[in-house]
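Listing of protein_26.csv, CSV, C-alpha atoms
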```csv
chain,number,residue,atom,x,y,z
X,1,MET,CA,22.4,164.2,81.5
X,2,SER,CA,24.1,161.4,79.8
X,3,GLN,CA,21.1,160.0,78.0
X,4,VAL,CA,20.3,163.3,76.3
X,5,ARG,CA,20.9,162.8,72.6
X,6,GLU,CA,22.1,165.6,70.3
X,7,PRO,CA,21.8,164.5,66.7
X,8,ALA,CA,23.9,167.5,65.4
X,9,PHE,CA,26.7,166.7,67.8
X,10,ASP,CA,26.7,163.0,66.8
X,11,ARG,CA,26.7,164.0,63.1
X,12,ALA,CA,29.6,166.4,63.4
X,13,VAL,CA,31.8,163.7,65.2
X,14,ALA,CA,30.6,161.0,62.8
X,15,MET,CA,31.7,163.2,59.9
X,16,VAL,CA,35.2,163.6,61.3
X,17,LEU,CA,35.6,159.8,61.6
X,18,ARG,CA,34.1,159.1,58.2
X,19,VAL,CA,36.3,161.6,56.4
X,20,GLY,CA,39.4,160.3,58.3
X,21,ALA,CA,38.6,156.6,57.6
X,22,PHE,CA,37.7,157.2,53.9
X,23,SER,CA,40.7,159.5,53.1
X,24,CYS,CA,43.1,157.0,54.9
X,25,PHE,CA,41.6,154.2,52.8
X,26,PHE,CA,42.0,156.0,49.5
X,27,VAL,CA,45.5,157.2,50.3
X,28,MET,CA,46.6,153.7,51.3
X,29,LEU,CA,44.9,152.2,48.2
X,30,ALA,CA,46.8,154.7,46.1
X,31,GLY,CA,50.0,153.8,47.8
X,32,LEU,CA,49.5,150.1,47.1
X,33,PHE,CA,48.5,150.8,43.5
X,34,VAL,CA,51.5,153.0,42.8
X,35,GLY,CA,53.7,150.3,44.5
X,36,LEU,CA,52.6,147.8,41.8
X,37,PHE,CA,54.3,149.8,39.1
X,38,LEU,CA,56.9,151.8,41.0
X,39,PRO,CA,58.6,150.1,43.9
X,40,GLY,CA,60.7,152.1,46.2
X,41,PRO,CA,60.3,155.2,48.4
X,42,ILE,CA,57.3,156.9,46.6
X,43,PRO,CA,54.6,154.3,47.5
X,44,LEU,CA,56.1,154.0,50.9
X,45,GLY,CA,55.8,157.7,51.4
X,46,ILE,CA,52.1,157.6,50.3
X,47,GLU,CA,51.4,154.8,52.7
X,48,ARG,CA,53.2,156.6,55.5
X,49,ALA,CA,50.9,159.6,54.8
X,50,GLY,CA,47.9,157.2,55.1
X,51,VAL,CA,49.2,155.9,58.5
X,52,LEU,CA,49.6,159.5,59.7
X,53,LEU,CA,46.1,160.4,58.6
X,54,MET,CA,44.8,157.4,60.6
X,55,LEU,CA,46.7,158.4,63.7
X,56,ALA,CA,45.5,162.0,63.3
X,57,THR,CA,41.8,161.1,62.9
X,58,PRO,CA,41.0,160.3,66.6
X,59,VAL,CA,43.0,163.4,67.7
X,60,VAL,CA,40.9,165.6,65.4
X,61,ARG,CA,37.8,163.9,66.7
X,62,VAL,CA,38.8,164.9,70.3
X,63,VAL,CA,39.5,168.5,69.1
X,64,VAL,CA,36.1,168.8,67.5
X,65,ALA,CA,34.2,167.4,70.4
X,66,CYS,CA,36.2,169.6,72.8
X,67,PHE,CA,35.3,172.7,70.7
X,68,LEU,CA,31.6,171.7,70.6
X,69,PHE,CA,31.4,171.1,74.3
X,70,PHE,CA,32.9,174.5,75.1
X,71,ARG,CA,30.6,176.2,72.5
X,72,GLU,CA,27.7,174.6,74.3
X,73,LYS,CA,29.1,175.9,77.6
X,74,ASP,CA,29.3,172.3,78.8
X,75,TRP,CA,32.4,173.2,80.8
X,76,LYS,CA,32.8,169.8,82.5
X,77,TYR,CA,33.0,167.8,79.3
X,78,GLY,CA,35.0,170.5,77.6
X,79,TRP,CA,37.7,170.2,80.2
X,80,ILE,CA,37.5,166.4,80.1
X,81,SER,CA,38.0,166.5,76.3
X,82,LEU,CA,40.9,168.8,76.7
X,83,GLY,CA,42.4,166.4,79.2
X,84,VAL,CA,42.2,163.5,76.7
X,85,LEU,CA,43.8,165.8,74.1
X,86,VAL,CA,46.7,166.6,76.4
X,87,ILE,CA,47.3,162.9,77.1
X,88,LEU,CA,47.3,162.2,73.3
X,89,LEU,CA,49.8,165.1,72.7
X,90,LEU,CA,52.1,164.1,75.5
X,91,GLY,CA,52.3,160.6,73.9
X,92,SER,CA,53.7,162.2,70.8
X,93,VAL,CA,56.3,164.3,72.8
X,94,PHE,CA,57.6,161.4,75.0
X,95,GLY,CA,58.6,157.9,73.9
X,96,ILE,CA,60.8,159.0,71.1
X,97,GLY,CA,63.1,156.3,69.6
X,98,GLU,CA,64.7,154.4,72.4
X,99,HIS,CA,64.7,150.7,73.5
R,1,MET,CA,53.0,141.8,46.4
R,2,LEU,CA,51.7,138.4,47.5
R,3,VAL,CA,52.2,139.5,51.1
R,4,SER,CA,50.1,142.6,50.4
R,5,VAL,CA,47.3,140.5,49.0
R,6,LEU,CA,47.3,138.2,51.9
R,7,LEU,CA,47.3,141.1,54.3
R,8,ILE,CA,44.3,142.7,52.6
R,9,ILE,CA,42.4,139.4,52.9
R,10,LEU,CA,43.5,139.0,56.5
R,11,GLY,CA,42.3,142.6,57.3
R,12,PHE,CA,39.1,142.0,55.4
R,13,PHE,CA,38.1,139.0,57.5
R,14,ALA,CA,39.3,140.5,60.8
R,15,GLY,CA,37.2,143.6,60.0
R,16,LEU,CA,34.2,141.6,58.9
R,17,LEU,CA,34.2,139.3,61.9
R,18,GLY,CA,34.9,142.3,64.2
R,19,ALA,CA,32.0,144.4,62.9
R,20,LEU,CA,29.6,141.4,62.8
R,21,THR,CA,30.3,140.5,66.4
R,22,GLY,CA,31.1,143.9,67.8
R,23,ILE,CA,34.5,142.8,69.2
R,24,GLY,CA,36.7,145.0,67.0
R,25,GLY,CA,38.8,142.3,65.3
R,26,GLY,CA,42.2,143.7,66.4
R,27,VAL,CA,42.5,140.8,68.7
R,28,LEU,CA,43.1,138.5,65.7
R,29,LEU,CA,45.7,140.7,63.9
R,30,THR,CA,48.6,140.8,66.4
R,31,PRO,CA,48.9,137.0,66.8
R,32,VAL,CA,48.4,136.3,63.1
R,33,LEU,CA,51.1,138.9,62.2
R,34,ALA,CA,53.5,137.5,64.8
R,35,LEU,CA,52.8,133.8,64.2
R,36,TYR,CA,52.3,133.5,60.4
R,37,PHE,CA,54.0,136.5,59.0
R,38,GLY,CA,57.1,136.3,61.2
R,39,ILE,CA,56.8,139.9,62.4
R,40,PRO,CA,58.5,140.7,65.7
R,41,ILE,CA,55.9,141.0,68.3
R,42,ARG,CA,56.4,144.7,69.0
R,43,GLU,CA,56.1,145.6,65.3
R,44,ALA,CA,53.1,143.3,65.1
R,45,ILE,CA,51.4,145.2,67.9
R,46,GLY,CA,52.2,148.7,66.4
R,47,THR,CA,51.0,147.7,63.0
R,48,SER,CA,47.8,146.1,64.3
R,49,LEU,CA,47.0,149.3,66.2
R,50,VAL,CA,46.7,151.2,62.9
R,51,ALA,CA,44.1,148.7,61.7
R,52,VAL,CA,42.3,148.9,65.1
R,53,ILE,CA,41.9,152.7,64.7
R,54,THR,CA,40.6,152.1,61.2
R,55,THR,CA,37.9,149.7,62.4
R,56,SER,CA,36.9,152.0,65.2
R,57,ALA,CA,36.6,155.1,62.9
R,58,ALA,CA,34.6,153.2,60.2
R,59,SER,CA,32.2,151.4,62.5
R,60,SER,CA,31.6,154.2,65.1
R,61,SER,CA,30.7,156.7,62.3
R,62,ILE,CA,27.9,154.3,61.6
R,63,HIS,CA,27.0,153.8,65.3
R,64,LEU,CA,27.0,157.6,65.7
R,65,GLN,CA,24.5,158.0,62.9
R,66,ARG,CA,22.2,155.7,64.8
R,67,HIS,CA,22.7,157.8,67.9
R,68,THR,CA,23.6,154.9,70.1
R,69,THR,CA,27.0,156.3,71.2
R,70,ASP,CA,27.3,158.1,74.6
R,71,ILE,CA,30.0,160.6,73.6
R,72,ARG,CA,30.1,162.1,77.2
R,73,LEU,CA,30.6,158.8,78.9
R,74,GLY,CA,33.1,157.7,76.2
R,75,MET,CA,35.1,160.9,76.5
R,76,THR,CA,35.2,160.5,80.3
R,77,LEU,CA,36.4,156.9,80.2
R,78,GLU,CA,38.9,157.8,77.5
R,79,LEU,CA,40.8,159.9,80.1
R,80,ALA,CA,41.7,156.5,81.7
R,81,THR,CA,42.1,154.4,78.5
R,82,ALA,CA,44.3,156.9,76.7
R,83,PHE,CA,46.5,157.4,79.8
R,84,GLY,CA,46.8,153.6,80.3
R,85,ALA,CA,47.6,153.0,76.7
R,86,ALA,CA,50.2,155.7,76.4
R,87,VAL,CA,52.0,154.5,79.5
R,88,THR,CA,52.2,150.9,78.5
R,89,ALA,CA,53.1,151.8,74.9
R,90,TYR,CA,56.0,153.6,76.4
R,91,LEU,CA,56.9,150.7,78.7
R,92,VAL,CA,56.4,147.8,76.2
R,93,GLY,CA,60.2,147.7,75.6
R,94,TYR,CA,60.6,146.4,79.2
R,95,PHE,CA,58.4,143.3,78.5
R,96,ASN,CA,60.1,140.4,76.7
R,97,ARG,CA,58.5,138.5,73.8
R,98,ASN,CA,57.4,135.6,76.0
R,99,ALA,CA,55.7,137.8,78.5
R,100,LEU,CA,53.8,139.6,75.7
R,101,GLU,CA,52.8,136.3,74.0
R,102,GLY,CA,51.7,134.8,77.2
R,103,LEU,CA,49.6,137.8,78.2
R,104,PHE,CA,48.1,137.8,74.7
R,105,ALA,CA,47.1,134.2,74.9
R,106,GLY,CA,45.5,134.8,78.3
R,107,PHE,CA,43.6,137.8,76.9
R,108,LEU,CA,42.4,135.7,73.9
R,109,LEU,CA,41.1,133.0,76.2
R,110,TYR,CA,39.4,135.6,78.5
R,111,SER,CA,37.8,137.3,75.5
R,112,ALA,CA,36.5,134.0,74.0
R,113,ILE,CA,35.0,133.0,77.3
R,114,THR,CA,33.4,136.5,77.8
R,115,ILE,CA,31.8,136.2,74.3
R,116,LEU,CA,30.5,132.6,75.0
R,117,THR,CA,29.0,133.5,78.4
R,118,LYS,CA,27.5,136.9,77.3
R,119,GLY,CA,24.3,135.1,76.1
R,120,GLY,CA,23.4,134.2,79.7
R,121,LYS,CA,23.7,137.8,80.9
R,122,ILE,CA,21.5,139.6,78.5
R,123,ARG,CA,18.9,141.6,80.4
R,124,PRO,CA,15.4,140.9,79.0
R,125,GLU,CA,14.7,144.6,78.2
R,126,ASP,CA,17.6,144.8,75.8
R,127,GLU,CA,16.1,142.3,73.5
R,128,SER,CA,13.0,144.4,72.7
R,129,SER,CA,14.7,147.8,72.1
R,130,PRO,CA,15.9,147.9,68.5
R,131,ALA,CA,14.3,149.9,65.7
R,132,VAL,CA,10.9,151.5,66.0
R,133,ASN,CA,10.0,153.1,62.7
R,134,GLY,CA,13.7,153.4,61.8
R,135,GLU,CA,14.7,155.2,65.0
R,136,THR,CA,16.7,153.3,67.6
R,137,VAL,CA,15.0,153.6,70.9
R,138,ILE,CA,17.3,153.6,73.9
R,139,PRO,CA,15.8,153.3,77.4
R,140,PRO,CA,16.7,156.2,79.7
R,141,TYR,CA,19.7,155.4,81.9
R,142,GLU,CA,22.3,157.2,84.1
R,143,PRO,CA,25.8,155.8,84.2
R,144,LYS,CA,26.8,154.7,87.7
R,145,ARG,CA,29.9,153.7,89.5
R,146,TYR,CA,32.3,156.0,87.6
R,147,PRO,CA,35.3,155.0,89.8
R,148,LEU,CA,34.9,151.3,88.9
R,149,GLY,CA,34.4,152.2,85.2
R,150,LEU,CA,37.5,154.4,85.1
R,151,SER,CA,39.6,151.7,86.8
R,152,ALA,CA,38.4,149.1,84.3
R,153,SER,CA,39.1,151.5,81.5
R,154,LEU,CA,42.6,152.1,82.8
R,155,VAL,CA,43.2,148.3,82.6
R,156,ALA,CA,41.6,148.1,79.1
R,157,GLY,CA,43.8,151.0,77.9
R,158,ALA,CA,46.9,149.5,79.4
R,159,LEU,CA,46.3,146.1,77.7
R,160,SER,CA,45.5,148.0,74.5
R,161,GLY,CA,48.9,149.7,74.5
R,162,LEU,CA,50.7,146.5,75.4
R,163,LEU,CA,48.9,144.1,72.9
R,164,GLY,CA,47.7,146.3,70.1
R,165,ILE,CA,44.0,145.5,70.7
R,166,GLY,CA,40.9,147.6,71.4
R,167,GLY,CA,40.0,146.2,74.8
R,168,GLY,CA,36.2,145.9,74.0
R,169,PRO,CA,35.8,142.6,75.9
R,170,ILE,CA,36.7,144.4,79.1
R,171,LYS,CA,34.9,147.7,78.6
R,172,VAL,CA,31.6,146.4,77.3
R,173,PRO,CA,30.8,144.1,80.3
R,174,VAL,CA,31.9,146.7,82.8
R,175,MET,CA,29.7,149.5,81.3
R,176,TYR,CA,26.8,147.0,80.8
R,177,LEU,CA,26.9,145.1,84.1
R,178,PHE,CA,28.3,147.7,86.5
R,179,MET,CA,27.7,151.1,85.1
R,180,ASN,CA,24.0,150.6,84.2
R,181,VAL,CA,24.5,151.3,80.5
R,182,PRO,CA,22.3,149.5,78.0
R,183,LEU,CA,24.2,146.9,76.0
R,184,MET,CA,23.7,148.6,72.7
R,185,VAL,CA,25.1,151.9,74.0
R,186,ALA,CA,28.0,150.0,75.8
R,187,THR,CA,29.0,148.3,72.6
R,188,ALA,CA,28.8,151.5,70.5
R,189,THR,CA,30.6,153.6,73.1
R,190,SER,CA,33.4,151.0,73.6
R,191,ASN,CA,33.8,151.0,69.8
R,192,PHE,CA,34.0,154.8,69.8
R,193,MET,CA,36.6,154.9,72.6
R,194,ILE,CA,38.9,152.4,70.8
R,195,GLY,CA,40.0,154.9,68.2
R,196,VAL,CA,41.4,157.4,70.8
R,197,THR,CA,42.8,154.6,73.0
R,198,ALA,CA,44.6,153.0,70.1
R,199,ALA,CA,45.8,156.3,68.8
R,200,ALA,CA,47.3,157.2,72.2
R,201,SER,CA,49.6,154.1,72.1
R,202,ALA,CA,50.0,154.1,68.3
R,203,ILE,CA,51.6,157.6,68.4
R,204,VAL,CA,54.2,156.2,70.8
R,205,TYR,CA,54.8,153.1,68.6
R,206,TYR,CA,55.1,155.3,65.5
R,207,ARG,CA,57.6,157.6,67.1
R,208,ARG,CA,59.7,154.6,68.0
R,209,GLY,CA,59.5,153.1,64.5
R,210,ASP,CA,57.4,150.1,65.5
R,211,ILE,CA,54.7,150.6,62.9
R,212,LEU,CA,55.6,148.8,59.6
R,213,VAL,CA,54.0,151.1,57.1
R,214,GLN,CA,54.2,148.7,54.2
R,215,LEU,CA,52.2,146.1,56.2
R,216,ALA,CA,49.8,148.7,57.8
R,217,ALA,CA,48.6,149.9,54.4
R,218,PRO,CA,47.2,146.6,53.0
R,219,LEU,CA,45.9,145.7,56.4
R,220,ALA,CA,44.0,149.0,56.8
R,221,VAL,CA,42.6,148.7,53.3
R,222,GLY,CA,41.2,145.2,54.0
R,223,VAL,CA,40.0,146.1,57.5
R,224,PHE,CA,38.2,149.2,56.2
R,225,MET,CA,36.3,147.2,53.5
R,226,GLY,CA,35.6,144.3,55.9
R,227,SER,CA,34.2,146.4,58.7
R,228,LEU,CA,32.0,148.6,56.5
R,229,LEU,CA,30.5,145.4,55.0
R,230,GLY,CA,30.2,143.8,58.4
R,231,ALA,CA,28.4,146.8,59.8
R,232,ARG,CA,25.9,146.8,56.9
R,233,LEU,CA,25.4,143.0,57.2
R,234,ALA,CA,25.2,142.9,61.0
R,235,PRO,CA,21.4,143.4,61.3
R,236,ARG,CA,20.7,140.7,58.7
R,237,ILE,CA,23.1,137.9,59.5
R,238,HIS,CA,22.5,135.2,62.0
R,239,THR,CA,25.3,136.1,64.4
R,240,LYS,CA,25.4,132.9,66.4
R,241,VAL,CA,27.4,131.1,63.6
R,242,VAL,CA,29.8,134.1,63.3
R,243,VAL,CA,30.3,134.2,67.0
R,244,TYR,CA,31.2,130.5,67.2
R,245,LEU,CA,33.6,131.0,64.2
R,246,LEU,CA,35.3,133.9,66.0
R,247,VAL,CA,35.5,132.0,69.3
R,248,GLY,CA,37.0,129.0,67.4
R,249,VAL,CA,39.6,131.2,65.8
R,250,MET,CA,40.5,132.8,69.1
R,251,PHE,CA,40.9,129.5,70.9
R,252,TYR,CA,43.1,128.3,68.0
R,253,LEU,CA,45.3,131.4,68.1
R,254,ALA,CA,45.6,131.2,71.9
R,255,GLY,CA,46.7,127.6,71.6
R,256,HIS,CA,49.2,128.4,68.9
R,257,LEU,CA,50.6,131.2,71.0
R,258,LEU,CA,51.0,129.0,74.0
R,259,PHE,CA,52.6,126.3,71.9
R,260,HIS,CA,55.0,128.8,70.4
R,261,LEU,CA,55.8,130.0,74.0
R,262,LEU,CA,56.5,126.5,75.2
R,263,GLN,CA,58.7,125.8,72.2
R,264,GLY,CA,60.7,128.9,73.2
R,265,VAL,CA,61.1,127.7,76.8
R,266,ILE,CA,62.1,124.1,76.0
```

How does the structure come out when it is put into structure tokens?
Amino acid sequence: MSQVREPAFDRAVAMVLRVGAFSCFFVMLAGLFVGLFLPGPIPLGIERAGVLLMLATPVVRVVVACFLFFREKDWKYGWISLGVLVILLLGSVFGIGEH
Amino acid sequence: MLVSVLLIILGFFAGLLGALTGIGGGVLLTPVLALYFGIPIREAIGTSLVAVITTSAASSSIHLQRHTTDIRLGMTLELATAFGAAVTAYLVGYFNRNALEGLFAGFLLYSAITILTKGGKIRPEDESSPAVNGETVIPPYEPKRYPLGLSASLVAGALSGLLGIGGGPIKVPVMYLFMNVPLMVATATSNFMIGVTAAASAIVYYRRGDILVQLAAPLAVGVFMGSLLGARLAPRIHTKVVVYLLVGVMFYLAGHLLFHLLQGVI
């Protein structure tokens, strides 16, 4: 089963990653550029948005793959993807500002 | 300003070397940030994780277009890597600086040796597989020994959350040597998994305030450009020289980390 290639599936997931990486790149570049002229909280906020975009990209990738697996009625891998998603989301619930 | 330029250059070379050799490049960032930029090790790890996700996203979008990534295998092993990464990201506060630096030096040495010895392990059939009329041909395979693969992934994920790295030097040999996955697929799939693994721990670091946004931005910009260029150049460049360069840098950083560690002890 594993060696079956589905070009459309690959393309959809690749698209998520490309959009995420490119938008993060441009947002961070904008933050650095604005920072040249206007030091302070504004460029920092833009850069923070870039970091959040980057953190969100793999999460969105898992959501899309999960959706595609369930749509193909590939239940096993749909549930596996959902499990990965749960782990990612739990990480954002726990581990809040101590140490 | 000067620091930002240096970080863009650092990210660029880490991304370039990482994409050319398929090792990810994150392994260079944490020690350089800690040793030469004076960043506390935990912030260095958190910040490096953002660059690691960027490399993974940029390079695996290219691998996916070549259809060399096994998404199902990757997703399955991610259950273990993401779990390991989230747990150690949470526990990293209980490790002191010396323990982290020592572990990192050990991992650098292990990775350098893995890269150096990989040449001897190449199965002959892998050499003949690339590009037949533009399409990459992958021999049929069926991943085996999932329990072993999942255990190794758990370790790779745990180290990722602890050190801010991708963990490719653990996952690629395990998939290739033990799970019966062709090397090309193992490399692409490891690269693919790194994004989710690093995100699982980076989210925890971010919530704790251990990601330095003003350093992550120039690093990510540099890494993005470097890894895209590297992925384009990879088929055309004689990688042996690049591999030796990378291994040299890794040995140097490991030595410096150990030296730094000894200074702290004495």

**OP:** Pick out the closest residue to chain R from this set: X:Pro58, X:Gly35, X:Gly78, X:Gly40. Count all atoms listed in the file.
**Re:** X:Pro58

Subject >> Protein/DNA/RNA residues near (24.7, 156.0, 63.6), cut 10 Å, all atoms listed in the file, as a list in words >> reply: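 With a cut-off of 10 Å, the residues come to Pro7, Asp10, Arg11 and Ala14 of chain X; Ser59, Ser60, Ser61, Ile62, His63, Leu64, Gln65, Arg66, His67, Thr68, Thr69, Thr136 and Ala188 of chain R.
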
Would you mind listing, as a CSV table (one decimal) with C-alpha atoms, in the coordinates of the input, all residues of chain R that have at least one atom within 6 Å of chain X, where only C-alpha atoms are what counts?
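Ended up saving to part20.csv:
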```
chain,number,residue,atom,x,y,z
R,57,ALA,CA,36.6,155.1,62.9
R,58,ALA,CA,34.6,153.2,60.2
R,61,SER,CA,30.7,156.7,62.3
R,64,LEU,CA,27.0,157.6,65.7
R,79,LEU,CA,40.8,159.9,80.1
R,86,ALA,CA,50.2,155.7,76.4
R,90,TYR,CA,56.0,153.6,76.4
R,93,GLY,CA,60.2,147.7,75.6
R,195,GLY,CA,40.0,154.9,68.2
R,196,VAL,CA,41.4,157.4,70.8
R,199,ALA,CA,45.8,156.3,68.8
R,200,ALA,CA,47.3,157.2,72.2
R,203,ILE,CA,51.6,157.6,68.4
R,204,VAL,CA,54.2,156.2,70.8
R,207,ARG,CA,57.6,157.6,67.1
R,208,ARG,CA,59.7,154.6,68.0
R,213,VAL,CA,54.0,151.1,57.1
R,217,ALA,CA,48.6,149.9,54.4
R,221,VAL,CA,42.6,148.7,53.3
```

Shell of 6 Å around segment 169-177 of chain R, all atoms listed in the file, local chain residues under 2 positions omitted, as a PDB file with C-alpha atoms, in the frame of the given file:
```pdb
ATOM      1  CA  SER R 111      37.800 137.300  75.500  1.00  0.00           C
ATOM      2  CA  GLY R 167      40.000 146.200  74.800  1.00  0.00           C
ATOM      3  CA  MET R 179      27.700 151.100  85.100  1.00  0.00           C
ATOM      4  CA  ASN R 180      24.000 150.600  84.200  1.00  0.00           C
ATOM      5  CA  VAL R 181      24.500 151.300  80.500  1.00  0.00           C
ATOM      6  CA  PRO R 182      22.300 149.500  78.000  1.00  0.00           C
ATOM      7  CA  LEU R 183      24.200 146.900  76.000  1.00  0.00           C
ATOM      8  CA  ALA R 186      28.000 150.000  75.800  1.00  0.00           C
ATOM      9  CA  THR R 187      29.000 148.300  72.600  1.00  0.00           C
TER      10      THR R 187
END
```

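Minimum atom-to-atom distances from R:Thr30, R:Ser190, R:Thr21, R:Ser160 to Glu43 of chain R were compared using all atoms listed in the file, and the lowest value belongs to R:Thr30.
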
Original post:
atom CA of Val50 of chain R to atom CA of Ala202 of chain R: how many Å, to one decimal?
Top reply: 7.0 Å

Original post:
Which protein, DNA or RNA residues have an atom at most 7 Å from (36.4, 160.2, 72.6), counting all atoms listed in the file? List them as a list in words.
Top reply: Val62 of chain X; Ile71, Gly74, Met75, Glu78, Phe192, Met193 and Val196 of chain R
